[in-house]
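Report on one structure; see the data block that follows.
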Amino acid sequence: MRKATLEALLSGQFVCPVVAPVEFEDLCDESTQSAVNNWLEPLGMRLARIGTEGAFFMAPDVIGQEEVKRVRKEMQEYRDIYGPAIMAIALIRQCEADHLTLMTGEYIQAGAIETAINANPALESQLNGLGQVIRRFALKNSIRDRVDAVLMHLAEEGFLKLIDRDRSTYRVTGRIEQLWAVIEFIAENEPVAPAQSAELDQEDLNLDGLASGHGDDA
């Protein structure tokens, strides 16, 4: 069990082959998993995983009343927490001609998105719709700058990792699986009242289309 592996988990990371390849390989070992769980047990935590091949993360060992309240609160606020990411991902998928599925490890290039938007005014309108929910987004900026703002936002939220700054190339991280799990949870449960700051409807989020074919929650 590597010190860096524990540090990654304790910092709240979703340990995947893109973000932390060495630590991910470490956690794939069953003896390491057992050692990590033994180390986390006194903290009231455990090692969890998204699906059978997804990212590893730290989770509460026992889901008590406080944990349930926290999850409910997050679901009530999901339009603020996850709404921008869902909208941005929906745009990216429409811009990618190669039918990008946005699974862990896939590559995203700002240039390809910019080219698609330049060729389709409807996509630029959709891009501009992100202006109120994406940091550093300014309508006066060029399409490329606006696309970069969207991708940087997703990277800061942990869904992408910048791997080539000069070419603005990113890779999808294992945290994307958490987003699919949240989308599926929302789609399968009763609707949540929308937050005033992000007026998104079912069509905007495209829950069924985004969630289909993706991993299960741990």
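To be explicit about the labels: the chains of the structure tokens are called A, B, and onward in the order shown, and within each one the residues are counted from 1, while ligands get numbers from 1 in the order they are shown.
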List every residue of range 1-110 of chain A that has an atom at most 9 Å from any atom of range 161-178 of chain A, and for each one report the closest atom pair and its distance in Å to one decimal, counting only C-alpha atoms, with rows sorted by chain and then by increasing residue number, as a tab-separated table.
residue	atom	partner	partner_atom	distance
A:Gln13	CA	A:Arg175	CA	8.6
A:Phe14	CA	A:Arg175	CA	5.7
A:Val15	CA	A:Gly174	CA	7.1
A:Cys16	CA	A:Gly174	CA	5.2
A:Pro17	CA	A:Gly174	CA	7.6
A:Val18	CA	A:Thr173	CA	5.6
A:Val19	CA	A:Thr173	CA	6.4
A:Ile50	CA	A:Glu177	CA	6.7
A:Gly51	CA	A:Glu177	CA	8.4
A:Gly54	CA	A:Gly174	CA	6.3
A:Ala55	CA	A:Gly174	CA	5.0
A:Phe56	CA	A:Gly174	CA	8.4
A:Leu102	CA	A:Val172	CA	6.5
A:Met103	CA	A:Val172	CA	6.5
A:Thr104	CA	A:Val172	CA	5.0
A:Gly105	CA	A:Val172	CA	5.1
A:Glu106	CA	A:Val172	CA	5.4
A:Tyr107	CA	A:Arg171	CA	4.5
A:Ile108	CA	A:Tyr170	CA	5.1
A:Gln109	CA	A:Thr169	CA	4.5
A:Ala110	CA	A:Ser168	CA	5.6
Can you tell me, as a tab-separated table (two decimals) with N, CA and C atoms, in the first residue's frame, which residues in range 147-193 of chain A count as helix (DSSP H, G or I) by DSSP?
chain	number	residue	atom	x	y	z
A	147	VAL	N	-15.12	27.93	-25.43
A	147	VAL	CA	-14.96	26.48	-25.34
A	147	VAL	C	-13.91	26.14	-24.28
A	148	ASP	N	-12.81	26.88	-24.27
A	148	ASP	CA	-11.76	26.63	-23.27
A	148	ASP	C	-12.30	26.83	-21.86
A	149	ALA	N	-13.16	27.83	-21.67
A	149	ALA	CA	-13.74	28.08	-20.34
A	149	ALA	C	-14.59	26.89	-19.89
A	150	VAL	N	-15.34	26.31	-20.83
A	150	VAL	CA	-16.19	25.15	-20.51
A	150	VAL	C	-15.32	23.95	-20.12
A	151	LEU	N	-14.29	23.69	-20.92
A	151	LEU	CA	-13.44	22.53	-20.65
A	151	LEU	C	-12.65	22.72	-19.35
A	152	MET	N	-12.20	23.93	-19.09
A	152	MET	CA	-11.48	24.19	-17.84
A	152	MET	C	-12.40	23.99	-16.64
A	153	HIS	N	-13.66	24.40	-16.79
A	153	HIS	CA	-14.63	24.19	-15.70
A	153	HIS	C	-14.77	22.70	-15.40
A	154	LEU	N	-14.91	21.88	-16.43
A	154	LEU	CA	-15.05	20.44	-16.24
A	154	LEU	C	-13.78	19.85	-15.63
A	155	ALA	N	-12.63	20.40	-15.99
A	155	ALA	CA	-11.37	19.93	-15.41
A	155	ALA	C	-11.27	20.29	-13.93
A	156	GLU	N	-11.68	21.50	-13.59
A	156	GLU	CA	-11.65	21.94	-12.20
A	156	GLU	C	-12.61	21.13	-11.33
A	176	ILE	N	-16.30	10.83	-14.03
A	176	ILE	CA	-17.46	10.91	-14.92
A	176	ILE	C	-18.48	9.83	-14.57
A	177	GLU	N	-18.00	8.69	-14.07
A	177	GLU	CA	-18.91	7.60	-13.72
A	177	GLU	C	-19.82	8.00	-12.57
A	178	GLN	N	-19.30	8.85	-11.67
A	178	GLN	CA	-20.16	9.35	-10.58
A	178	GLN	C	-21.29	10.19	-11.16
A	179	LEU	N	-20.98	10.98	-12.17
A	179	LEU	CA	-22.01	11.81	-12.79
A	179	LEU	C	-23.08	10.95	-13.43
A	180	TRP	N	-22.68	9.88	-14.14
A	180	TRP	CA	-23.67	8.98	-14.75
A	180	TRP	C	-24.55	8.35	-13.67
A	181	ALA	N	-23.93	7.98	-12.54
A	181	ALA	CA	-24.70	7.37	-11.46
A	181	ALA	C	-25.72	8.35	-10.89
A	182	VAL	N	-25.32	9.62	-10.75
A	182	VAL	CA	-26.23	10.64	-10.24
A	182	VAL	C	-27.38	10.85	-11.21
A	183	ILE	N	-27.06	10.90	-12.51
A	183	ILE	CA	-28.10	11.08	-13.52
A	183	ILE	C	-29.11	9.94	-13.47
A	184	GLU	N	-28.60	8.71	-13.36
A	184	GLU	CA	-29.49	7.55	-13.30
A	184	GLU	C	-30.36	7.58	-12.04
A	185	PHE	N	-29.75	7.99	-10.93
A	185	PHE	CA	-30.50	8.08	-9.67
A	185	PHE	C	-31.64	9.09	-9.81
A	186	ILE	N	-31.32	10.25	-10.39
A	186	ILE	CA	-32.33	11.29	-10.55
A	186	ILE	C	-33.44	10.82	-11.48
A	187	ALA	N	-33.04	10.15	-12.58
A	187	ALA	CA	-34.02	9.70	-13.57
A	187	ALA	C	-34.97	8.66	-13.00
A	188	GLU	N	-34.47	7.87	-12.04
A	188	GLU	CA	-35.26	6.77	-11.49
A	188	GLU	C	-36.10	7.18	-10.28
Nearest residue to Ala4 in chain A out of A:Asp29, A:Pro84, A:Asn118, A:Val36, using only C-alpha atoms?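 Looking at the shortest contact to Ala4 in chain A, the residue is A:Val36.
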query: Can you tell me, as an MDAnalysis selection string, what residues are no more than 10 Å from Met45 in chain A when counting only C-alpha atoms, ignoring any on the same chain fewer than 4 positions away?
result: chainID A and resid 10 36:41 58:62
| request: Choose the residue, out of A:Leu139, A:Leu27, A:Ala8, A:Ala116, that has the smallest atom-to-atom separation from Ile92 in chain A; count only C-alpha atoms. | output: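 Comparing A:Leu139, A:Leu27, A:Ala8, A:Ala116 against Ile92 in chain A, the winner is A:Ala116.
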Correct to one decimal, the distance CA of Glu30 in chain A-CA of Leu160 in chain A is 27.4 Å
Counting only C-alpha atoms, closest pick from A:Lys3, A:Glu96, A:Ala88, A:Ala122 relative to Arg146 in chain A is A:Ala88
